[in-house]
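Colleague: The file below is protein28.txt, compact mmCIF, C-alpha atoms and all ligand atoms:
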# COMPACT_ATOMS: atom_id res chain seq x y z
CA MET A 287 1.47 -22.09 9.41
CA CYS A 288 -0.35 -22.15 6.07
CA LYS A 289 -4.06 -21.63 5.39
CA ALA A 290 -4.69 -25.39 5.18
CA ASP A 291 -3.41 -25.78 8.75
CA ILE A 292 -5.72 -23.03 9.87
CA SER A 293 -8.85 -24.81 8.66
CA ILE A 294 -7.67 -28.06 10.34
CA SER A 295 -7.04 -26.38 13.71
CA SER A 296 -10.57 -25.01 13.81
CA ASN A 297 -14.00 -25.72 12.39
CA LEU A 298 -14.47 -22.07 11.67
CA LYS A 299 -13.26 -20.77 8.33
CA LEU A 300 -11.27 -17.56 8.34
CA THR A 301 -13.98 -15.26 7.03
CA SER A 302 -14.81 -11.68 7.84
CA ALA A 303 -18.25 -12.80 9.07
CA ASN A 304 -16.70 -15.25 11.55
CA ILE A 305 -14.25 -12.63 12.81
CA SER A 306 -17.12 -10.17 13.28
CA LYS A 307 -19.14 -12.78 15.14
CA LEU A 308 -16.30 -13.32 17.64
CA ALA A 309 -15.97 -9.55 18.11
CA LEU A 310 -19.68 -9.07 18.77
CA GLU A 311 -19.71 -12.00 21.23
CA LEU A 312 -16.97 -10.27 23.23
CA GLY A 313 -18.99 -7.06 23.51
CA PHE A 314 -18.07 -4.89 20.54
CA ASP A 315 -21.04 -3.12 18.97
CA ALA A 316 -19.91 -3.59 15.36
CA CYS A 317 -17.02 -5.11 13.43
CA GLY A 318 -15.87 -5.23 9.83
CA VAL A 319 -12.79 -6.36 7.95
CA ALA A 320 -10.96 -4.61 5.12
CA PRO A 321 -8.09 -5.78 2.94
CA VAL A 322 -4.85 -3.87 3.43
CA HIS A 323 -3.73 -1.42 0.78
CA ARG A 324 -2.13 2.00 0.70
CA LEU A 325 -4.67 4.80 1.11
CA ASP A 326 -3.45 6.86 -1.84
CA GLU A 327 -6.28 9.43 -1.98
CA ASP A 328 -6.24 10.05 1.75
CA ALA A 329 -2.46 10.37 1.63
CA GLN A 330 -2.71 13.03 -1.04
CA PHE A 331 -5.37 14.89 0.94
CA MET A 332 -3.49 14.68 4.24
CA ASP A 333 -0.11 15.69 2.75
CA SER A 334 -1.66 18.85 1.39
CA TRP A 335 -3.58 19.44 4.66
CA ILE A 336 -0.34 19.23 6.63
CA ALA A 337 1.56 21.35 4.10
CA GLN A 338 -0.99 24.13 4.77
CA GLY A 339 -0.34 23.85 8.52
CA LEU A 340 -3.98 22.99 9.25
CA HIS A 341 -2.93 20.41 11.84
CA GLY A 342 -1.53 23.17 14.07
CA GLU A 343 0.84 21.86 16.71
CA MET A 344 -0.11 18.20 16.34
CA ASP A 345 3.43 17.36 15.19
CA TYR A 346 2.81 13.66 15.54
CA LEU A 347 0.57 13.84 12.46
CA GLU A 348 3.61 14.90 10.44
CA ARG A 349 5.62 11.88 11.52
CA ASN A 350 5.34 8.25 10.38
CA ARG A 351 3.25 9.16 7.36
CA ASP A 352 4.49 6.14 5.40
CA LYS A 353 3.09 3.97 8.20
CA ARG A 354 -0.09 6.03 8.56
CA TYR A 355 -0.99 5.63 4.91
CA ASP A 356 -0.21 1.93 4.64
CA PRO A 357 -0.77 -0.64 7.43
CA ALA A 358 1.65 -3.01 5.65
CA VAL A 359 4.45 -0.55 6.47
CA LEU A 360 3.23 -0.26 10.07
CA VAL A 361 2.90 -4.04 10.48
CA PRO A 362 5.05 -6.09 8.10
CA GLY A 363 3.05 -8.91 6.53
CA ALA A 364 -0.30 -7.16 7.16
CA GLN A 365 -3.15 -8.56 5.06
CA ALA A 366 -6.32 -7.13 6.57
CA VAL A 367 -7.55 -4.64 9.15
CA VAL A 368 -10.19 -5.84 11.61
CA VAL A 369 -12.06 -2.71 12.69
CA CYS A 370 -14.27 -2.82 15.80
CA LEU A 371 -16.59 -0.15 17.16
CA LEU A 372 -17.58 0.44 20.77
CA THR A 373 -20.27 3.00 21.59
CA TYR A 374 -19.53 5.80 24.05
CA GLU A 375 -22.10 4.18 26.32
CA HIS A 376 -20.18 0.89 26.43
CA SER A 377 -16.68 2.33 26.44
CA GLY A 378 -17.10 4.89 29.22
CA ARG A 379 -14.68 7.76 29.80
CA ASP A 380 -11.52 5.64 29.70
CA TYR A 381 -12.27 4.41 26.22
CA HIS A 382 -8.66 3.63 25.25
CA ARG A 383 -8.43 1.10 28.06
CA ARG A 384 -11.83 -0.47 27.42
CA VAL A 385 -11.43 -0.74 23.63
CA LYS A 386 -7.90 -2.11 23.94
CA SER A 387 -8.83 -4.70 26.55
CA LEU A 388 -11.59 -5.99 24.25
CA LEU A 389 -9.15 -5.99 21.32
CA TYR A 390 -6.69 -8.11 23.33
CA ALA A 391 -9.51 -10.51 24.17
CA LEU A 392 -10.42 -10.68 20.48
CA GLU A 393 -6.79 -11.29 19.54
CA ALA A 394 -6.68 -14.24 21.96
CA LYS A 395 -9.85 -15.66 20.39
CA LEU A 396 -8.49 -15.19 16.86
CA LYS A 397 -5.26 -17.00 17.77
CA GLU A 398 -7.15 -19.81 19.48
CA THR A 399 -9.54 -20.22 16.55
CA PHE A 400 -7.34 -19.57 13.53
CA GLY A 401 -3.80 -20.15 14.78
CA GLU A 402 -1.02 -18.05 16.31
CA ASP A 403 0.19 -16.83 12.92
CA ILE A 404 -2.91 -14.76 12.37
CA VAL A 405 -1.09 -11.77 13.90
CA SER A 406 2.48 -10.52 13.84
CA ALA A 407 4.71 -11.97 16.55
CA THR A 408 7.16 -9.10 16.28
CA HIS A 409 5.18 -5.91 15.69
CA GLN A 410 2.46 -4.12 17.62
CA HIS A 411 -0.80 -4.71 15.75
CA ILE A 412 -3.53 -3.57 18.18
CA PHE A 413 -4.48 0.09 17.97
CA CYS A 414 -6.94 2.60 19.36
CA ASP A 415 -6.48 6.32 18.77
CA SER A 416 -2.77 6.60 19.47
CA ALA A 417 -1.21 4.85 16.48
CA PRO A 418 -0.42 6.16 13.00
CA MET A 419 -3.58 4.71 11.45
CA LEU A 420 -6.27 6.61 9.56
CA GLU A 421 -8.89 5.05 11.76
CA ARG A 422 -12.02 6.70 10.37
CA ARG A 423 -10.97 5.81 6.85
CA TRP A 424 -10.46 2.15 7.85
CA CYS A 425 -13.95 2.12 9.35
CA VAL A 426 -15.29 3.14 5.95
CA GLU A 427 -13.12 0.57 4.17
CA ALA A 428 -14.53 -2.10 6.48
CA GLY A 429 -18.09 -1.13 5.54
CA LEU A 430 -18.94 0.26 8.97
CA GLY A 431 -20.30 3.61 7.85
CA PHE A 432 -19.51 6.89 6.18
CA ILE A 433 -17.72 10.09 7.10
CA GLY A 434 -20.27 12.82 7.73
CA LYS A 435 -20.06 16.56 7.26
CA ASN A 436 -19.02 16.73 10.92
CA HIS A 437 -15.92 14.65 9.96
CA GLN A 438 -17.09 11.80 12.16
CA LEU A 439 -17.40 8.20 11.19
CA ILE A 440 -21.15 7.59 11.29
CA HIS A 441 -22.47 4.07 11.58
CA PRO A 442 -25.97 4.07 10.07
CA GLU A 443 -27.50 2.40 13.13
CA LEU A 444 -25.12 3.23 15.99
CA GLY A 445 -24.53 6.84 14.98
CA SER A 446 -21.17 8.60 15.43
CA MET A 447 -20.73 8.23 19.17
CA VAL A 448 -18.47 5.24 18.70
CA HIS A 449 -14.78 4.64 19.25
CA PRO A 450 -12.98 2.51 16.70
CA GLY A 451 -10.11 0.14 17.48
CA GLU A 452 -8.21 -2.14 15.12
CA ILE A 453 -6.33 -5.41 14.94
CA VAL A 454 -4.07 -5.71 11.90
CA ILE A 455 -3.94 -9.36 10.90
CA ASN A 456 -1.42 -11.20 8.76
CA GLN A 457 -3.86 -13.59 7.11
CA SER A 458 -6.40 -12.76 4.44
CA PRO A 459 -10.00 -13.74 5.26
CA ILE A 460 -12.26 -15.21 2.62
CA ALA A 461 -14.86 -12.62 1.67
CA ASN A 462 -18.35 -13.71 2.60
CA CYS A 463 -19.87 -10.87 4.57
CA GLN A 464 -22.69 -8.52 3.69
CA TYR A 465 -20.18 -6.03 2.35
CA PRO A 466 -17.54 -7.96 0.41
CA ILE A 467 -14.15 -7.26 1.94
CA ALA A 468 -12.52 -6.96 -1.47
CA ASN A 469 -12.86 -3.26 -2.21
CA CYS A 470 -15.98 -2.71 -0.21
CA GLN A 471 -18.22 -0.58 -2.38
CA SER A 472 -21.33 -0.47 -0.25
CA PRO A 473 -23.43 2.65 -0.88
CA ILE A 474 -22.20 4.08 2.40
CA ALA A 475 -18.52 3.50 1.70
CA ASN A 476 -17.53 6.96 0.53
CA HIS A 477 -15.81 9.73 2.39
CA GLN A 478 -18.01 12.75 2.92
CA SER A 479 -20.86 10.78 1.37
CA PRO A 480 -23.44 13.20 -0.01
CA ILE A 481 -26.06 10.43 0.04
CA ALA A 482 -25.73 9.88 3.75
CA CYS A 483 -25.86 13.53 4.90
CA SER A 484 -27.83 14.72 1.91
CA SER A 485 -28.91 18.34 2.36
CA CYS A 486 -28.69 18.22 6.17
CA ARG A 487 -26.40 20.87 7.65
CA LEU A 488 -27.36 20.73 11.32
CA CYS A 489 -23.79 20.14 12.49
CA LEU A 490 -22.42 22.96 10.32
CA ASP A 491 -24.83 25.41 11.95
CA ALA A 492 -24.34 24.02 15.46
CA CYS A 493 -20.54 24.17 15.50
CA PRO A 494 -19.80 27.00 17.97
CA THR A 495 -16.57 28.10 16.26
CA GLY A 496 -17.73 27.79 12.66
CA ALA A 497 -14.92 25.29 12.02
CA LEU A 498 -17.21 22.99 10.07
CA ARG A 499 -18.54 25.79 7.87
CA ASN A 500 -15.12 26.60 6.47
CA GLU A 501 -14.18 25.31 3.05
CA VAL A 502 -11.01 23.79 4.50
CA TRP A 503 -10.97 21.91 7.80
CA ASP A 504 -8.66 23.73 10.20
CA ALA A 505 -8.21 21.50 13.26
CA ARG A 506 -7.02 24.52 15.28
CA GLN A 507 -10.55 25.95 15.19
CA CYS A 508 -12.09 22.85 16.73
CA ILE A 509 -12.75 23.21 20.46
CA ALA A 510 -11.54 19.64 20.92
CA TYR A 511 -8.11 20.74 19.68
CA THR A 512 -7.47 22.50 22.97
CA THR A 513 -9.97 21.07 25.45
CA HIS A 514 -10.89 17.65 24.05
CA HIS A 515 -14.42 18.39 25.10
CA CYS A 516 -17.03 19.31 22.52
CA LEU A 517 -19.83 17.16 21.21
CA GLU A 518 -22.05 19.80 19.58
CA CYS A 519 -21.64 18.46 16.04
CA GLN A 520 -22.63 15.01 17.26
CA HIS A 521 -25.50 15.93 19.58
CA VAL A 522 -27.45 17.55 16.75
CA CYS A 523 -26.84 14.78 14.21
CA PRO A 524 -30.01 12.84 13.33
CA TYR A 525 -27.97 9.63 13.24
CA ASN A 526 -27.37 10.01 16.99
CA GLN A 527 -30.97 10.60 17.96
CA THR A 528 -31.76 6.94 18.56
CA THR A 529 -28.57 6.20 20.50
CA PRO A 530 -28.09 7.18 24.16
CA ASN A 531 -26.04 10.39 24.55
C1 LIG B 601 -5.83 14.26 15.34
C2 LIG B 601 -7.18 13.83 15.88
C3 LIG B 601 -8.04 14.83 16.33
C4 LIG B 601 -7.74 16.33 16.16
C5 LIG B 601 -8.04 16.73 14.70
C6 LIG B 601 -9.43 16.26 14.20
C7 LIG B 601 -9.47 15.76 12.76
N1 LIG B 601 -10.63 15.88 12.16
O1 LIG B 601 -8.50 15.22 12.26
C8 LIG B 601 -8.69 16.97 17.21
C9 LIG B 601 -7.97 17.11 18.53
C10 LIG B 601 -9.28 18.33 16.83
C11 LIG B 601 -9.73 15.87 17.35
C12 LIG B 601 -11.02 16.10 17.77
C13 LIG B 601 -11.97 15.10 17.94
N2 LIG B 601 -11.75 13.76 17.86
CO1 LIG B 601 -10.16 12.99 17.19
N3 LIG B 601 -8.63 12.04 16.46
C14 LIG B 601 -7.53 12.46 15.92
C15 LIG B 601 -6.69 11.26 15.43
C16 LIG B 601 -5.59 10.98 16.47
C17 LIG B 601 -6.08 11.40 14.03
C18 LIG B 601 -7.10 11.93 12.97
C19 LIG B 601 -6.42 12.30 11.68
O2 LIG B 601 -5.71 11.51 11.10
N4 LIG B 601 -6.63 13.53 11.22
C20 LIG B 601 -6.07 14.01 9.98
C21 LIG B 601 -7.16 14.62 9.09
C22 LIG B 601 -6.57 15.04 7.75
O3 LIG B 601 -8.07 13.59 8.86
P1 LIG B 601 -9.65 13.80 8.67
O4 LIG B 601 -10.04 15.21 8.74
O5 LIG B 601 -10.30 12.80 9.56
O6 LIG B 601 -9.84 13.33 7.14
C23 LIG B 601 -9.62 11.97 6.77
C24 LIG B 601 -10.70 11.43 5.87
O7 LIG B 601 -11.95 11.96 6.19
C25 LIG B 601 -10.23 11.74 4.48
N5 LIG B 601 -10.73 12.98 3.90
C26 LIG B 601 -11.30 14.06 4.45
N6 LIG B 601 -11.59 14.96 3.53
C27 LIG B 601 -11.20 14.43 2.34
C28 LIG B 601 -11.26 14.95 1.07
C29 LIG B 601 -10.72 14.18 0.02
C30 LIG B 601 -10.76 14.76 -1.33
C31 LIG B 601 -10.18 12.88 0.27
C32 LIG B 601 -9.65 12.07 -0.83
C33 LIG B 601 -10.14 12.38 1.57
C34 LIG B 601 -10.65 13.17 2.57
O8 LIG B 601 -8.82 11.86 4.57
C35 LIG B 601 -8.39 11.96 5.91
C36 LIG B 601 -7.47 10.82 6.20
O9 LIG B 601 -8.14 9.58 6.16
C37 LIG B 601 -7.77 10.10 15.42
C38 LIG B 601 -7.24 8.69 15.75
C39 LIG B 601 -6.59 8.05 14.56
N7 LIG B 601 -5.41 7.50 14.72
O10 LIG B 601 -7.17 8.03 13.47
C40 LIG B 601 -8.81 10.60 16.48
C41 LIG B 601 -10.28 10.33 16.19
C42 LIG B 601 -10.55 10.65 14.74
N8 LIG B 601 -11.01 11.33 17.05
C43 LIG B 601 -12.08 10.89 17.54
C44 LIG B 601 -12.95 11.68 18.35
C45 LIG B 601 -14.02 10.94 19.12
C46 LIG B 601 -12.81 13.08 18.41
C47 LIG B 601 -13.76 14.10 19.07
C48 LIG B 601 -15.24 13.79 18.99
C49 LIG B 601 -13.28 14.24 20.54
C50 LIG B 601 -14.17 15.17 21.41
N9 LIG B 601 -15.10 14.66 22.13
O11 LIG B 601 -14.00 16.34 21.45
C51 LIG B 601 -13.40 15.41 18.30
C52 LIG B 601 -14.25 15.59 17.01
C53 LIG B 601 -13.82 16.73 16.15
C54 LIG B 601 -14.22 16.56 14.68
N10 LIG B 601 -15.35 17.18 14.27
O12 LIG B 601 -13.53 15.87 13.92
C55 LIG B 601 -12.40 9.47 17.11
C56 LIG B 601 -13.45 9.51 15.99
C57 LIG B 601 -14.61 8.57 16.17
C58 LIG B 601 -15.60 8.75 15.03
N11 LIG B 601 -16.81 8.29 15.23
O13 LIG B 601 -15.29 9.29 13.99
C59 LIG B 601 -10.95 8.97 16.65
C60 LIG B 601 -10.98 7.94 15.52
C61 LIG B 601 -10.25 8.37 17.90
C62 LIG B 601 -10.89 7.08 18.41
N12 LIG B 601 -10.28 5.91 18.16
O14 LIG B 601 -11.91 7.13 19.07
N13 LIG B 601 -9.23 14.65 16.94
S1 LIG B 602 -15.82 22.77 17.68
FE1 LIG B 602 -17.21 21.19 18.49
S2 LIG B 602 -18.92 21.25 17.03
FE2 LIG B 602 -17.18 22.25 16.00
S3 LIG B 602 -16.12 20.62 14.88
FE3 LIG B 602 -15.13 20.77 16.88
S4 LIG B 602 -16.19 19.20 18.12
FE4 LIG B 602 -17.51 19.62 16.36
S1 LIG B 603 -25.74 16.59 11.40
FE1 LIG B 603 -26.49 16.23 9.30
S2 LIG B 603 -24.84 17.01 7.99
FE2 LIG B 603 -23.96 16.75 10.01
S3 LIG B 603 -23.05 14.71 9.97
FE3 LIG B 603 -25.14 14.48 10.80
S4 LIG B 603 -26.41 13.99 9.00
FE4 LIG B 603 -24.46 14.81 8.23
Take the structure I supplied and represent it as structure tokens, if you would.
Modeller:
Amino acid sequence: MCKADISISSNLKLTSANISKLALELGFDACGVAPVHRLDEDAQFMDSWIAQGLHGEMDYLERNRDKRYDPAVLVPGAQAVVVCLLTYEHSGRDYHRRVKSLLYALEAKLKETFGEDIVSATHQHIFCDSAPMLERRWCVEAGLGFIGKNHQLIHPELGSMVHPGEIVINQSPIANCQYPIANCQSPIANHQSPIACSSCRLCLDACPTGALRNEVWDARQCIAYTTHHCLECQHVCPYNQTTPN
């Protein structure tokens, strides 16, 4: 199906704003869309991070790096990444299940509205946590926030207590949203944005192991590496003070 067919089958144009609207109607707390490209800078950073052994025993981070750095390798024909956020409050403990069920509902809506060809018929294209995707980086690309000194994706209004999930789509939306999807350069779209955290260092001081104070990020020093249960660097963050903990 070509783009002309898509506009005939639905009154809605395939725009990032319309995709976001459908996502919010289904219950997501935020949504943005980013054009697919290889994440060259992140790839360089992560290759050197892994070469230093800072990922510890998380062997899966070593594998599938070609896919991890480029969604078009992960999903052939990929054009854009639809990134959705669900707050901890709305996702509950079993966040993988909740985020994925909403993503499947969104996929159904996208197909109904824009045509079946919007997603790959042959490759998995719905992800939350488990896939080789640099999820936090795609959140930034989609204009959903910045990466703070605590390494978390921070949405300026929702804070960092959000779980991202993605649908990789095989059509390219027309850019018409607040943050243009073509190379989103919103002021918050930088990794480790100094503007966003400024001189704040609350999370660095609150981290019980000192992991965040080190010059290099060693995942093995993070309590979550072994127990998956530490929120200190998020509880103290001013961006989380208006959202329920
Ligand atoms: C491996 C992993 C972990 C590991 C390692 C953590 C880490 N920082 O990587 C461990 C088990 C420790 C962990 C802990 C947690 N995790 Co975790 N984790 C992941 C996973 C599966 C992969 C992350 C990854 O690729 N790491 C590799 C390193 C190199 O990436 P990075 O440090 O994030 O840096 C990236 C960018 O910031 C950028 N970058 C950083 N520095 C620099 C410097 C330069 C110069 C450049 C160019 C780029 C750059 O490059 C990197 C690649 O994009 C993702 C899911 C996914 N598929 O993305 C979830 C994920 C990141 N985790 C998540 C969560 C919720 C947590 C915890 C809060 C869980 C908990 N309650 O304890 C903690 C938080 C710890 C912390 N402060 O980061 C969420 C994050 C949500 C958010 N708001 O950011 C994710 C997205 C899962 C999800 N879908 O909900 N996690
Ligand atoms: S140990 Fe806790 S406070 Fe420190 S980086 Fe890990 S999750 Fe954050
Ligand atoms: S606590 Fe301060 S330094 Fe840490 S992520 Fe939040 S704003 Fe940034």
Colleague: Could you please extract the residues within 8 Å of ligand LIG 601 (chain B), counting only C-alpha atoms and all ligand atoms, and hand them back as JSON, numbers by chain?
Modeller: {"A": [325, 327, 328, 329, 330, 331, 332, 335, 336, 341, 344, 347, 381, 382, 414, 415, 416, 417, 418, 419, 420, 421, 422, 423, 424, 433, 436, 437, 438, 439, 440, 441, 445, 446, 447, 448, 449, 450, 451, 477, 478, 498, 503, 505, 506, 507, 508, 509, 510, 511, 512, 513, 514, 515, 516, 517, 519, 520]}
Colleague: Produce the centre coordinates and the three edge lengths, each in Å to one decimal, of the box along x, y and z that contains all listed atoms of ligand LIG 602 (chain B) with 4 Å added on each side, as JSON.
Modeller:
{"center_x": -17.0, "center_y": 21.0, "center_z": 16.7, "size_x": 11.8, "size_y": 11.6, "size_z": 11.6}
Colleague: Skipping near chain neighbours, those fewer than 4 positions away, what residues fall within 10 Å of Leu310 (chain A) using all atoms listed in the file, listed as a list in words?
Modeller: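 Result of the neighbour search: Asn304, Ile305, Ser306, Phe314, Asp315, Ala316, Cys317, Cys370, Leu371, Leu372 and Leu392 of chain A.
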Colleague: Please find the residues contacting ligand LIG 603 (chain B) at a distance of at most 6 Å between atoms, with only C-alpha atoms and all ligand atoms counted, and report them as a list in words.
Modeller: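 Using only C-alpha atoms and all ligand atoms, I find these residues within 6 Å of ligand LIG 603 (chain B): Gly434, Lys435, Asn436, Cys483, Cys486, Arg487, Leu488, Cys489, Val522, Cys523 and Pro524 of chain A.
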Colleague: Looking at A:Ile404, A:Val367, A:Ala337, A:Leu388, which one is nearest to Gln457 (chain A), with distances taken over all atoms listed in the file?
Modeller: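 Closest to Gln457 (chain A) of all the choices is A:Ile404.
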Colleague: Could you check how far CA of Ser406 (chain A) sits from CA of Asn456 (chain A), in Å to one decimal?
Modeller: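 A separation of 6.4 Å between them.
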Colleague: Can you tell me how far atom FE2 of ligand LIG 602 (chain B) sits from CA of Gly339 (chain A), in Å to one decimal?
Modeller: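 Computed distance, atom FE2 of ligand LIG 602 (chain B) to CA of Gly339 (chain A), equals 18.5 Å.
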Colleague: From (-15.0, -3.3, 7.1), in the file's coordinates, out to 6 Å: which residues are reached, counting all atoms listed in the file? Answer as a count of residues only.
Modeller: 8
Colleague: What gap, in Å, lies between CA of Lys386 (chain A) and CA of Gly342 (chain A)?
Modeller: 27.9 Å
Colleague: In terms of the shortest atom-to-atom distance over all atoms listed in the file, which of A:Leu340, A:Leu312, A:Val385, A:Val454 is closest to Asp504 (chain A)?
Modeller: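 Using all atoms listed in the file, the shortest distance to Asp504 (chain A) belongs to A:Leu340.
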